[in-house]
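Before any comments, here is the structure.
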Amino acid sequence: MRTLIALLGFILGCLAGIVLLAVNPFAGSPVIQSSGQSYSFVTGDVYGMPHTVRRMLNLDWLEPNKRALQAPAVKNSAVSLMMLRDTAGAEAAYAVKISIVDDEANLYTGKTGHYSYWTVFWPNQGAVLMHGYDEYWDQITDGLLAGLRGRSFTATADDYRLTRSGAVANSLQGMSGIFSGRVGSYSESQMNSGDDGTILQGELAIQIN
Amino acid sequence: MAGASLYPLPDHKRIRGETEAAANGGREEVFHIELKRDQLGRQSKTAALFPFAGFSMSGDQPVVAEAFQIRNKSGQVIGVASRLEGIVPDSIGEPSLAVNWLLVIPARGALLLEQKRVISDVVAPGMQALHGRMTWGDREFAELSGSYIEARMGMGSGEPKIVLSTRLASASVTP
């Protein structure tokens, strides 16, 4: 009987912990509103760490990934190649996104992001580098609550805005062509692909000053 | 809640850096890419939608977008990289070649390499080198600047390989 009560207490404690995490007062810095030119992207050229809740919680055993980068130094990195389309749906630019987990991420502080680096090339115009921080806290807490409801830690919202105010600003700098010497900013939101880490879909707002 | 701070989120394994002191100051570090093993995307099912070399829009000059794993001198994978190449207008509006490498070493930081003009040398039979500058970095590379050489070897036969040789120093010293 004592064992049963202890086990029940442990389980209830874990559940309460998850709920407390989801309403963690230390987390959830304000969303940055997008400004600038909007672009959309969808790609299956995604390699490395998928941005699913289970993978971001280090539960690899729940989620085998055929496109994982096996080397230990890059295991928690992701590389995506894609085409950016303008609001009319026309091909506008080519982009490569590299993201790596923040090795100071911590569930208690609600800082569960990835550093991201974009290189974007507009043919016959020029290229820019964009670098910043993608915060996945909303997706992770959504997945945790879904797990409590027996839905296998799968995030449920349609999309998540990754760009937040905080110590790391999402900044842009020109690399070549007509963008040389120019600076700016960007923000990103990603469509929720559920447990499918092989698709990356979302929107960018790019402001070049 | 206390358990949350101890929860083991994904982290990076740090591979020992293989930098060497340069003879006239600064530091040298060489990165290798073995094209057959390290290029990402060659087996992609969506290759038709996103060809990895020489694809273009509207018949204009091609843009080449590539992604790789990068290795240290000892052959260990230490990071990932992107390479974008295409024609852009220069400061007087004339078409010129622009090549940008972004190297991301998760445990150390990132660095951006730029080659804005075509400066090439045939340094050995079957080997051509392109020269450029490092123009941006973060974390370990934040205070550094310098130059790099991109050399392609074995492209005709054998094991095709790209070697990026960097020579970097504190931004106040030009190596």
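Residues are referred to by chain and number: the chain letter is A, B, ... according to the order shown in the structure tokens, the number counts from 1 in that chain, and ligands are numbered separately from 1 in the order shown.
For chain A, the residues close to chain B, meaning within 7 Å and counting only C-alpha atoms, are A:Gly17, A:Leu21, A:Gly44, A:Asp45, A:Met56, A:Leu57, A:Asn58, A:Ala71, A:Pro72, A:Ala73, A:Val74, A:Asn76, A:Val96, A:Ile100, A:Val101, A:Asp103, A:Asn106, A:Leu107, A:Tyr108, A:Pro123, A:Asn124, A:Gln125, A:Gly126, A:Ser176, A:Gly177, A:Ile178.
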Can you write just those residues out, C-alpha atoms, as a PDB file, in the first residue's frame?
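Output below, filename result.pdb:
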ATOM      1  CA  GLY A  17       5.459  19.692 -12.504  1.00  0.00           C
ATOM      2  CA  LEU A  21       6.257  24.250 -16.438  1.00  0.00           C
ATOM      3  CA  GLY A  44      11.897  18.586 -47.562  1.00  0.00           C
ATOM      4  CA  ASP A  45      15.640  19.183 -47.721  1.00  0.00           C
ATOM      5  CA  MET A  56      13.923  18.776 -28.500  1.00  0.00           C
ATOM      6  CA  LEU A  57      13.274  17.059 -25.163  1.00  0.00           C
ATOM      7  CA  ASN A  58      16.063  14.588 -25.936  1.00  0.00           C
ATOM      8  CA  ALA A  71      28.658  12.726 -35.762  1.00  0.00           C
ATOM      9  CA  PRO A  72      28.485  13.710 -32.070  1.00  0.00           C
ATOM     10  CA  ALA A  73      29.618  17.283 -32.719  1.00  0.00           C
ATOM     11  CA  VAL A  74      26.713  18.016 -35.098  1.00  0.00           C
ATOM     12  CA  ASN A  76      22.038  18.535 -32.355  1.00  0.00           C
ATOM     13  CA  VAL A  96      20.177  27.795 -46.400  1.00  0.00           C
ATOM     14  CA  ILE A 100      22.032  24.586 -33.425  1.00  0.00           C
ATOM     15  CA  VAL A 101      20.614  24.033 -29.974  1.00  0.00           C
ATOM     16  CA  ASP A 103      23.686  24.655 -24.963  1.00  0.00           C
ATOM     17  CA  ASN A 106      16.965  25.091 -19.486  1.00  0.00           C
ATOM     18  CA  LEU A 107      13.347  24.107 -18.903  1.00  0.00           C
ATOM     19  CA  TYR A 108      13.282  25.869 -15.537  1.00  0.00           C
ATOM     20  CA  PRO A 123      19.712  36.036 -57.928  1.00  0.00           C
ATOM     21  CA  ASN A 124      21.306  38.972 -59.749  1.00  0.00           C
ATOM     22  CA  GLN A 125      20.860  41.164 -56.656  1.00  0.00           C
ATOM     23  CA  GLY A 126      22.947  39.985 -53.728  1.00  0.00           C
ATOM     24  CA  SER A 176      27.199  41.050 -51.450  1.00  0.00           C
ATOM     25  CA  GLY A 177      25.664  42.923 -54.365  1.00  0.00           C
ATOM     26  CA  ILE A 178      23.103  45.621 -53.688  1.00  0.00           C
TER      27      ILE A 178
END
Inset, instruction - Write down as a PyMOL selection string the residues of stretch 1-206 of chain A whose backbone DSSP state falls under strand (DSSP E). - result: chain A and resi 37-43+46-48+77-85+91-101+113-122+126-135+159-161+171-177+183-191+200-206
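The smallest atom-to-atom distance between B:Ile162 and any of B:Ser145, B:Glu150, B:His131, B:Arg16, using only C-alpha atoms, is found for B:Glu150.
Atom CA of B:Lys73 is found 19.4 Å from atom CA of A:Leu69.
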